[in-house]
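Before any comments, here is the structure.
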Number of protein chains: 2
Amino acid sequence: MRLTKAKLSLLLLLLTSFIPRAARVEDAAEALARVRAYRQAHAAEILQELTALLRLPNVAANLDDIGRNAEHIKTLLERRGIRAEILPTGGGRPVVYGELAAPGATTTLLFYCHYDGQPADPSAWRSPPFEPTLRDAAGHTIPLPPPDAPVEDDWRLYARSASDDKSPIVALLAALDALRAQNRAPRVNLKFLFDGEEEAGSPHLRDFVQREKDRLRADLLIVADGPVHQSGRPTVFYGTRGIMTVTLTAYGPAESLHSGHYGNWAPNPAFRLAALLATMKDATGRVLIPGFYDDVVPLGARERAALAAVPPIEEGLQDKFGIGTPEGAGRRLEELINLPSLNIRGLRSAWVGAEARTLVPATATAELDLRLVKGNDHERQFGKLVAFIRAQGWTIFDREPSLAERRRHARVIRVVKNGGYNAVRTPMDLPLAAQVSRAVERVAGAELVELPTLGGSGPLHYFDELGLPSLGVPIVNFDNNQHGPNENLRLGHFFQGIDVFASIFLWE
Amino acid sequence: MRLTKAKLSLLLLLLTSFIPRAARVEDAAEALARVRAYRQAHAAEILQELTALLRLPNVAANLDDIGRNAEHIKTLLERRGIRAEILPTGGGRPVVYGELAAPGATTTLLFYCHYDGQPADPSAWRSPPFEPTLRDAAGHTIPLPPPDAPVEDDWRLYARSASDDKSPIVALLAALDALRAQNRAPRVNLKFLFDGEEEAGSPHLRDFVQREKDRLRADLLIVADGPVHQSGRPTVFYGTRGIMTVTLTAYGPAESLHSGHYGNWAPNPAFRLAALLATMKDATGRVLIPGFYDDVVPLGARERAALAAVPPIEEGLQDKFGIGTPEGAGRRLEELINLPSLNIRGLRSAWVGAEARTLVPATATAELDLRLVKGNDHERQFGKLVAFIRAQGWTIFDREPSLAERRRHARVIRVVKNGGYNAVRTPMDLPLAAQVSRAVERVAGAELVELPTLGGSGPLHYFDELGLPSLGVPIVNFDNNQHGPNENLRLGHFFQGIDVFASIFLWE
């Protein structure tokens with residue numbers, strides 16, 4: 001009988017599972033040193049794998065594009081011997097699912113990432129969003145490195161989803177490769193769930209998770225999404241905010257009218273919408289909608305202590321982003337993130353710039369996003385918003401009002417809620433969490449930032465409903481322009497992320 | 001000596017100038033009947049001339065397009081034996097100028113039209129803005145009529161500038177043709193000034209008018225622009241509003257930021273701009289900027305009487321445009337037009353609709369137009385706006401602020417004024433005005449609507465400075481979607497406009 005690589009790796013694994021813990025820690029340190037050496041030697045190759053994936057457009061609206069991404073990722077999984085499937089979700093944006101059992105392991109980790117991305121307006125980007133472009137620390141475009149060439153930590157790769165959230169997928173797989181290269185296998189059973197509609201609010205994920213709950217059984221869900229803390233310290237987060245988006249459309253005249261002949265008489269929907277929006281917040285950004293903060297479950301002592309330990313970063317962010325006075329009346333960013341939010345993410349009425357014309361616009365639209373924290377319910381929070389708008393004298397429709405309806409009412413607005421899911425927050429004293437924190441800290445050699453809640457959202461509520469606790473291990477740089485133009489990934493973060501995932505796989 | 005057509009026409013003209021007034025009135029009625037017959041017989045031909053002109057894109061920003069329009073119009077003038085020139089204005093958008101002397105005439109009329117148009121976003125149009133499209137009363141597209149085919153009054157021609165303001169140019173020339181066909185010539189000297197930058201605020205017209213004041217000498221300026229009154233009655237207006245546009249850009253973070261990680265902390269420029277806009281007007285649309293209405297020269301007794309005689313149209317407009325409660329606290333539209341206005345003509349921050357992404361935007365922009373009436377000065381009015389914004393706690397820049405400047409100030413806004421000119425209002429008892437009113441009324445057979453001020457603007461202030469009184473003779477339908485998508489011209493209005501201009505040419 002020939003001793004194949006796979007059999008050898010199995011044998012090693014069986015042996016290591018009998019090694020006492022102290023020895024395993026030492027062994028993990030040794031293994032991690034080799035992981036680092038591997039990913040340094042194969043940096044260009046790993047980068048090639050990432051850029052190939054980033055070249056596939058992944059805006060949620062285009063189902064064909066999403067399908068191509070799913071197929072590509074399935075191939076990447078299979079190339080590692082992971083049993084992979086493309087599982088339909090009902091919305092045309094499937095889950096890519098994979099499993100890799102570790103013989104003898106008693107713990108199962110389910111990793112969650114998403115492979116879809118936010119829309120990207122090429123005109124606002126320095127290079128096309130789906131043509132991954134590498135830039136050096138000075139911002140100059142440089143070619144992708146040839147095989148075996150080294151890369152530098154401060155280089156950045158620009159592309160939609162470079163950070164959010166394709167790079168964690170590639171990092172997870174590279175971490176496996178790095179262990180395999182030293183004939184090691186993970187010490188935990190691994191499951192991978194790659195969502196294809198996260199940026200669209202994961203509207204079909206709840207049903208999917210309910211339907212596949214047996215398959216998804218695990219001890220812990222690890223979310224590989226979001227940025228590390230602005231301080232640059234390794235980060236673990238215990239919760240993510242929920243989210244819903246709402247579109248408000250205020251109505252003026254049925255057709256845009258000449259602003260000379262009708263200005264002063266035809267009601268201007270942009271002015272009316274501005275007046276409504278202005279009543280929603282005070283000058284410090286506090287939301288004035290009655291009951292907006294009522295449902296919030298306060299942080300416990302352990303969470304408050306974790307927040308107090310977070311290094312301050314506000315002054316640096318103000319300098320970086322040119323912010324004179326932040327919202328929040330002087331409260332810490334991390335504290336504010338533990339409150340629900342109300343954000344105008346887009347505003348549009350008629351035209352601006354060279355396209356502007358002297359009209360009273362027919363409509364004015366505001367796109368809102370509302371983030372939710374533990375205790376909020378998206379339907380309840382929406383209800384408060386609707387009641388508030390009605391109390392300002394608006395007649396509300398959830399569809400396009402007819403001409404007669406517009407004629408009949410003084411102020412007409414369409415209010416449409418798009419999707420929504422609630423927040424989750426895992427207790428910080430969860431025993432498995434300590435394992436993950438140690439694994440992350442081991443790599444970075446720096447004190448961990450532990451966040452009760454990440455600012456961003458993720459559809460983790462659906463796993464929470466199954467009793468599956470979750471925590472987040474982000475790997476990408478905070479200044480990644482996530483969701484905006486020129487999204488980018490700092491290579492130092494990405495490659496360290498490979499070490500982080502490998503360290504978790506080497507579960508103590 | 002052969003009696004050529006031209007010589008015969010000259011002879012007729014010399015004879016008619018000795019005919020007493022009563023006979024001339026009768027003669028004019030006869031002539032007008034023949035004008036009507038002519039333009040009915042040649043309707044398809046006249047429409048061809050109009051559509052050929054409308055096919056030339058004329059957005060002010062594209063100088064090459066503007067040049068092509070100027071050349072085309074010069075050819076149209078020359079085809080009528082009018083001495084025509086293209087006169088540079090300094091901005092690359094020339095004036096097309098023409099003169100046609102009437103032997104023995106003692107009165108000179110200067111006609112003002114403009115051949116440039118507002119921008120047009122094809123995606124918002126039912127048919128491309130520069131492919132003139134004819135539709136029947138039911139809105140169905142129909143082919144342009146072949147030569148000699150009749151046309152119907154309720155058909156509409158859709159194209160940018162179909163109403164504003166190319167059709168009056170073609171109607172003026174068709175009126176000349178219709179007189180020529182019966183061997184008549186105008187009884188007044190005619191001068192034509194066709195502006196190529198009206199929709200851009202005519203920034204070079206003042207210098208042009210000053211420089212060419214000898215050439216432009218006339219007794220009366222007739223503005224052939226704007227719509228007839230909403231009642232459908234023939235209309236003469238005695239003034240036009242002035243205008244300026246202002247761009248406000250409020251600043252948030254230097255780059256758009258993820259609304260989860262930074263929402264509640266990074267100031268949202270859309271909320272801040274909304275709050276500013278909301279303070280500018282009360283719920284009835286009255287402007288709250290201190291002193292906004294202070295400079296207005298009140299209407300005199302004659303003007304107030306003219307307004308009182310205007311048939312009410314507000315209810316009908318509310319039905320047509322689906323307006324529940326107009327601005328103006330119940331005052332008449334025509335009265336409100338005699339006040340300065342403040343209009344949001346465009347609003348933009350980040351993205352809406354399918355393109356929306358969950359960001360705190362970096363900037364938010366409002367495009368304003370401010371109409372001015374007799375007594376206002378655009379610089380003074382702008383000063384009031386700026387003082388008001390400053391009083392709300394904003395730091396104002398007239399250029400892009402630097403990152404350091406954004407960091408230094410709590411609320412940063414860029415305020416840029418684009419052009420501007422003042423209003424004019426000719427006294428309603430001007431003797432020549434009565435001649436024009438009679439000529440218009442003679443055609444329509446209906447009681448005239450006389451407006452002290454048209455809602456729209458025109459750069460007539462520059463002629464006023466030379467002591468040249470002006471009044472306006474609009475010919476196009478009010479519901480023409482001027483400046484908006486699907487601009488259109490009702491053919492009945494256009495063809496009656498030919499009669500109106502011919503009637504004026506037959507000056508009693």
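Just so we're on the same page: first chain in the structure tokens is A, next is B, and so on; residues restart at 1 for each chain, and ligands are numbered from 1 in the order they show up.
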Each chain A residue no farther than 6 Å from chain B, nearest pair in Å, only C-alpha atoms, as CSV:
```
residue,atom,partner,partner_atom,distance
A:Pro119,CA,B:Glu355,CA,5.7
A:Pro253,CA,B:Phe321,CA,5.0
A:Ala254,CA,B:Phe321,CA,4.7
A:Gly260,CA,B:Gly456,CA,4.1
A:His261,CA,B:Gly455,CA,4.0
A:Asn264,CA,B:Ser341,CA,5.9
A:Trp265,CA,B:Glu327,CA,4.6
A:Ala266,CA,B:Pro326,CA,5.4
A:Pro267,CA,B:Glu327,CA,5.5
A:Ala274,CA,B:Ala274,CA,4.4
A:Ala275,CA,B:Ala278,CA,4.5
A:Ala278,CA,B:Ala275,CA,4.5
A:Phe321,CA,B:Ala254,CA,4.7
A:Gly322,CA,B:Arg407,CA,4.0
A:Ile323,CA,B:Arg407,CA,4.7
A:Gly324,CA,B:Arg407,CA,4.3
A:Thr325,CA,B:Ala410,CA,4.9
A:Pro326,CA,B:Trp265,CA,5.4
A:Glu327,CA,B:Trp265,CA,4.6
A:Gly328,CA,B:Trp265,CA,5.7
A:Ser341,CA,B:Asn264,CA,5.8
A:Arg345,CA,B:Leu359,CA,5.3
A:Gly346,CA,B:Trp351,CA,4.7
A:Leu347,CA,B:Ser349,CA,4.8
A:Arg348,CA,B:Arg348,CA,4.7
A:Ser349,CA,B:Leu347,CA,4.8
A:Ala350,CA,B:Gly346,CA,4.8
A:Trp351,CA,B:Gly346,CA,4.7
A:Val352,CA,B:Gly346,CA,5.2
A:Glu355,CA,B:Pro119,CA,5.7
A:Thr358,CA,B:Arg345,CA,5.7
A:Leu359,CA,B:Arg345,CA,5.3
A:Val360,CA,B:Arg345,CA,5.8
A:Leu403,CA,B:Gly322,CA,5.0
A:Arg406,CA,B:Gly322,CA,4.9
A:Arg407,CA,B:Gly322,CA,4.0
A:Arg408,CA,B:Gly324,CA,5.3
A:His409,CA,B:Gly324,CA,5.0
A:Ala410,CA,B:Gly324,CA,4.6
A:Gly455,CA,B:His261,CA,4.0
A:Gly456,CA,B:Gly260,CA,4.1
```
Output the selection as a short mmCIF file (atom, residue, chain, number, x, y, z; two decimals), in the first residue's frame - N, CA and C atoms for each residue.
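Okay, part.cif is ready:
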```cif
data_model
loop_
_atom_site.label_atom_id
_atom_site.label_comp_id
_atom_site.auth_asym_id
_atom_site.auth_seq_id
_atom_site.Cartn_x
_atom_site.Cartn_y
_atom_site.Cartn_z
N PRO A 119 -23.41 47.86 -6.24
CA PRO A 119 -23.26 48.44 -7.58
C PRO A 119 -22.01 49.33 -7.65
N PRO A 253 -45.67 68.46 -9.10
CA PRO A 253 -46.56 68.40 -10.26
C PRO A 253 -46.35 67.10 -11.04
N ALA A 254 -47.39 66.65 -11.71
CA ALA A 254 -47.33 65.37 -12.42
C ALA A 254 -46.24 65.35 -13.48
N GLY A 260 -40.06 79.19 -14.12
CA GLY A 260 -40.48 80.59 -14.21
C GLY A 260 -41.99 80.69 -14.22
N HIS A 261 -42.62 79.91 -15.07
CA HIS A 261 -44.07 80.03 -15.23
C HIS A 261 -44.83 79.47 -14.03
N ASN A 264 -43.11 79.32 -7.39
CA ASN A 264 -43.91 80.10 -6.42
C ASN A 264 -45.33 79.55 -6.30
N TRP A 265 -45.74 78.72 -7.23
CA TRP A 265 -47.11 78.21 -7.20
C TRP A 265 -47.12 76.68 -7.16
N ALA A 266 -46.46 76.04 -8.15
CA ALA A 266 -46.40 74.57 -8.14
C ALA A 266 -45.54 74.13 -6.97
N PRO A 267 -46.04 73.21 -6.14
CA PRO A 267 -45.25 72.78 -4.99
C PRO A 267 -43.98 72.05 -5.43
N ALA A 274 -37.02 67.90 1.63
CA ALA A 274 -35.98 68.45 2.51
C ALA A 274 -36.58 68.81 3.87
N ALA A 275 -37.77 69.41 3.85
CA ALA A 275 -38.40 69.79 5.11
C ALA A 275 -38.70 68.56 5.95
N ALA A 278 -35.42 67.09 7.30
CA ALA A 278 -34.83 67.97 8.32
C ALA A 278 -35.46 67.75 9.70
N PHE A 321 -10.61 62.07 7.00
CA PHE A 321 -11.81 62.30 6.19
C PHE A 321 -12.27 63.76 6.20
N GLY A 322 -11.47 64.65 6.80
CA GLY A 322 -11.81 66.08 6.76
C GLY A 322 -13.12 66.40 7.46
N ILE A 323 -13.30 65.82 8.62
CA ILE A 323 -14.55 66.01 9.36
C ILE A 323 -14.31 66.97 10.52
N GLY A 324 -15.01 68.12 10.49
CA GLY A 324 -14.85 69.11 11.55
C GLY A 324 -15.56 68.70 12.82
N THR A 325 -16.84 68.42 12.68
CA THR A 325 -17.63 68.03 13.85
C THR A 325 -18.41 66.76 13.52
N PRO A 326 -18.04 65.65 14.14
CA PRO A 326 -18.81 64.42 13.88
C PRO A 326 -20.21 64.53 14.49
N GLU A 327 -21.07 63.64 14.08
CA GLU A 327 -22.36 63.52 14.76
C GLU A 327 -22.13 62.76 16.09
N GLY A 328 -23.16 62.71 16.90
CA GLY A 328 -23.09 61.88 18.11
C GLY A 328 -22.74 62.64 19.37
N SER A 341 -29.39 53.43 13.52
CA SER A 341 -29.04 54.61 12.74
C SER A 341 -30.09 54.90 11.67
N ARG A 345 -28.76 57.68 2.12
CA ARG A 345 -27.69 57.12 1.30
C ARG A 345 -27.77 57.62 -0.13
N GLY A 346 -28.85 58.31 -0.47
CA GLY A 346 -28.95 58.87 -1.82
C GLY A 346 -30.09 59.85 -1.90
N LEU A 347 -29.93 60.82 -2.76
CA LEU A 347 -30.91 61.90 -2.90
C LEU A 347 -30.96 62.25 -4.37
N ARG A 348 -32.15 62.39 -4.90
CA ARG A 348 -32.22 62.71 -6.33
C ARG A 348 -33.50 63.46 -6.64
N SER A 349 -33.35 64.58 -7.33
CA SER A 349 -34.49 65.27 -7.90
C SER A 349 -34.00 65.98 -9.15
N ALA A 350 -34.67 65.73 -10.26
CA ALA A 350 -34.32 66.35 -11.55
C ALA A 350 -32.81 66.23 -11.78
N TRP A 351 -32.17 67.30 -12.21
CA TRP A 351 -30.78 67.19 -12.66
C TRP A 351 -29.89 68.24 -12.00
N VAL A 352 -28.60 67.91 -11.93
CA VAL A 352 -27.63 68.88 -11.41
C VAL A 352 -26.49 69.04 -12.41
N GLU A 355 -26.27 69.27 -16.62
CA GLU A 355 -27.59 68.78 -17.03
C GLU A 355 -28.74 69.53 -16.36
N THR A 358 -34.00 74.61 -15.62
CA THR A 358 -34.82 75.40 -14.71
C THR A 358 -36.25 74.89 -14.69
N LEU A 359 -36.46 73.91 -13.81
CA LEU A 359 -37.73 73.21 -13.68
C LEU A 359 -38.15 73.16 -12.22
N VAL A 360 -39.45 73.05 -12.00
CA VAL A 360 -39.96 72.54 -10.74
C VAL A 360 -40.05 71.03 -10.94
N LEU A 403 -52.92 60.24 -10.57
CA LEU A 403 -53.08 61.70 -10.71
C LEU A 403 -54.18 62.19 -9.77
N ARG A 406 -52.97 62.29 -6.24
CA ARG A 406 -52.07 63.43 -6.03
C ARG A 406 -52.88 64.72 -5.92
N ARG A 407 -53.93 64.80 -6.71
CA ARG A 407 -54.78 66.00 -6.71
C ARG A 407 -55.50 66.15 -5.38
N ARG A 408 -55.86 65.00 -4.78
CA ARG A 408 -56.75 65.00 -3.61
C ARG A 408 -56.03 65.39 -2.33
N HIS A 409 -54.73 65.13 -2.24
CA HIS A 409 -54.04 65.30 -0.96
C HIS A 409 -52.99 66.41 -1.03
N ALA A 410 -52.82 67.07 0.12
CA ALA A 410 -51.91 68.21 0.17
C ALA A 410 -50.46 67.78 -0.05
N GLY A 455 -20.16 47.80 13.00
CA GLY A 455 -21.07 48.79 12.42
C GLY A 455 -21.89 48.23 11.27
N GLY A 456 -21.25 47.38 10.48
CA GLY A 456 -21.92 46.83 9.31
C GLY A 456 -22.98 45.81 9.68
#
```
Would you mind writing down, as a PyMOL selection string, each residue of region 155-229 of chain B that DSSP on the backbone assigns to strand (DSSP E or B)? chain B and resi 156-158+189-195+220-223+227
Contact residues around Arg390 (chain A) with only C-alpha atoms at 10 Å, ignoring same-chain residues under 5 positions, as a PDB file with N, CA and C atoms, in the first residue's frame:
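New file result29.pdb:
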```pdb
ATOM      1  N   LYS A 384     -42.420  52.965  13.064  1.00  0.00           N
ATOM      2  CA  LYS A 384     -42.186  54.252  13.734  1.00  0.00           C
ATOM      3  C   LYS A 384     -41.901  55.350  12.701  1.00  0.00           C
ATOM      4  N   LEU A 385     -41.125  54.980  11.682  1.00  0.00           N
ATOM      5  CA  LEU A 385     -40.808  55.945  10.619  1.00  0.00           C
ATOM      6  C   LEU A 385     -42.083  56.374   9.891  1.00  0.00           C
ATOM      7  N   THR A 395     -49.711  62.236   3.192  1.00  0.00           N
ATOM      8  CA  THR A 395     -50.513  61.070   2.840  1.00  0.00           C
ATOM      9  C   THR A 395     -49.561  60.057   2.209  1.00  0.00           C
ATOM     10  N   ILE A 396     -49.559  58.861   2.770  1.00  0.00           N
ATOM     11  CA  ILE A 396     -48.546  57.864   2.410  1.00  0.00           C
ATOM     12  C   ILE A 396     -49.116  56.789   1.483  1.00  0.00           C
ATOM     13  N   ARG A 411     -50.046  66.707   0.639  1.00  0.00           N
ATOM     14  CA  ARG A 411     -48.657  66.251   0.559  1.00  0.00           C
ATOM     15  C   ARG A 411     -48.662  64.747   0.347  1.00  0.00           C
ATOM     16  N   ILE A 413     -46.601  61.206  -0.555  1.00  0.00           N
ATOM     17  CA  ILE A 413     -45.281  60.572  -0.541  1.00  0.00           C
ATOM     18  C   ILE A 413     -45.444  59.065  -0.684  1.00  0.00           C
TER      19      ILE A 413
END
```
Counting only C-alpha atoms, which of A:Glu508, A:Asp499, A:Glu152, A:Asp207 gets nearest to Ala105 (chain A)?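 Nearest to Ala105 (chain A): A:Glu508.
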So that I can see what lies close to Asn189 (chain B), please list as a ChimeraX atom specification the residues with an atom at most 6 Å from it, counting only C-alpha atoms and leaving out residues fewer than 4 positions away in the same chain. /B:101-102,108
Leaving out region 429-435 of chain A and any residue of its chain fewer than 6 positions from it, which residues lie within 8 Å of it when counting only C-alpha atoms, given as an MDAnalysis selection string? chainID A and resid 220 471 507:508
All residues 9 Å or closer to Thr133 (chain B), only C-alpha atoms, same chain fewer than 5 positions away omitted, as a ChimeraX atom specification: /B:51,127-128,141-144,156-159
Write the selection just made, keeping N, CA and C atoms, as a short mmCIF file (atom, residue, chain, number, x, y, z; two decimals), in the first residue's frame?
```
data_model
loop_
_atom_site.label_atom_id
_atom_site.label_comp_id
_atom_site.auth_asym_id
_atom_site.auth_seq_id
_atom_site.Cartn_x
_atom_site.Cartn_y
_atom_site.Cartn_z
N THR B 51 -39.12 71.03 -38.68
CA THR B 51 -38.49 69.78 -38.22
C THR B 51 -37.02 69.71 -38.63
N SER B 127 -39.66 59.92 -27.19
CA SER B 127 -38.95 59.78 -28.47
C SER B 127 -37.71 60.67 -28.36
N PRO B 128 -36.65 60.37 -29.12
CA PRO B 128 -35.40 61.12 -28.93
C PRO B 128 -35.62 62.62 -29.12
N THR B 141 -47.98 58.13 -32.41
CA THR B 141 -47.02 58.67 -33.38
C THR B 141 -47.61 58.56 -34.79
N ILE B 142 -47.47 59.64 -35.54
CA ILE B 142 -47.95 59.63 -36.93
C ILE B 142 -46.84 60.18 -37.80
N PRO B 143 -46.83 59.78 -39.09
CA PRO B 143 -45.75 60.29 -39.95
C PRO B 143 -45.93 61.80 -40.23
N LEU B 144 -44.84 62.46 -40.52
CA LEU B 144 -44.95 63.86 -40.96
C LEU B 144 -45.76 63.88 -42.25
N ARG B 156 -49.38 67.27 -32.13
CA ARG B 156 -48.25 67.91 -31.45
C ARG B 156 -46.93 67.39 -31.99
N LEU B 157 -46.00 68.29 -32.09
CA LEU B 157 -44.66 67.93 -32.54
C LEU B 157 -43.75 67.90 -31.31
N TYR B 158 -43.11 66.73 -31.09
CA TYR B 158 -42.25 66.55 -29.92
C TYR B 158 -40.79 66.69 -30.31
N ALA B 159 -40.10 67.59 -29.67
CA ALA B 159 -38.64 67.75 -29.86
C ALA B 159 -38.17 68.82 -28.90
#
```
What does the structure give for the distance between CA of Lys417 (chain B) and CA of Asp195 (chain B), in Å to one decimal?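 Taking CA of Lys417 (chain B) as the start and CA of Asp195 (chain B) as the end point, the length is 22.0 Å.
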Calculate how many Å separate CA of Gln48 (chain A) from CA of Asn183 (chain A), rounding to one decimal.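 Those two atoms sit 23.4 Å apart.
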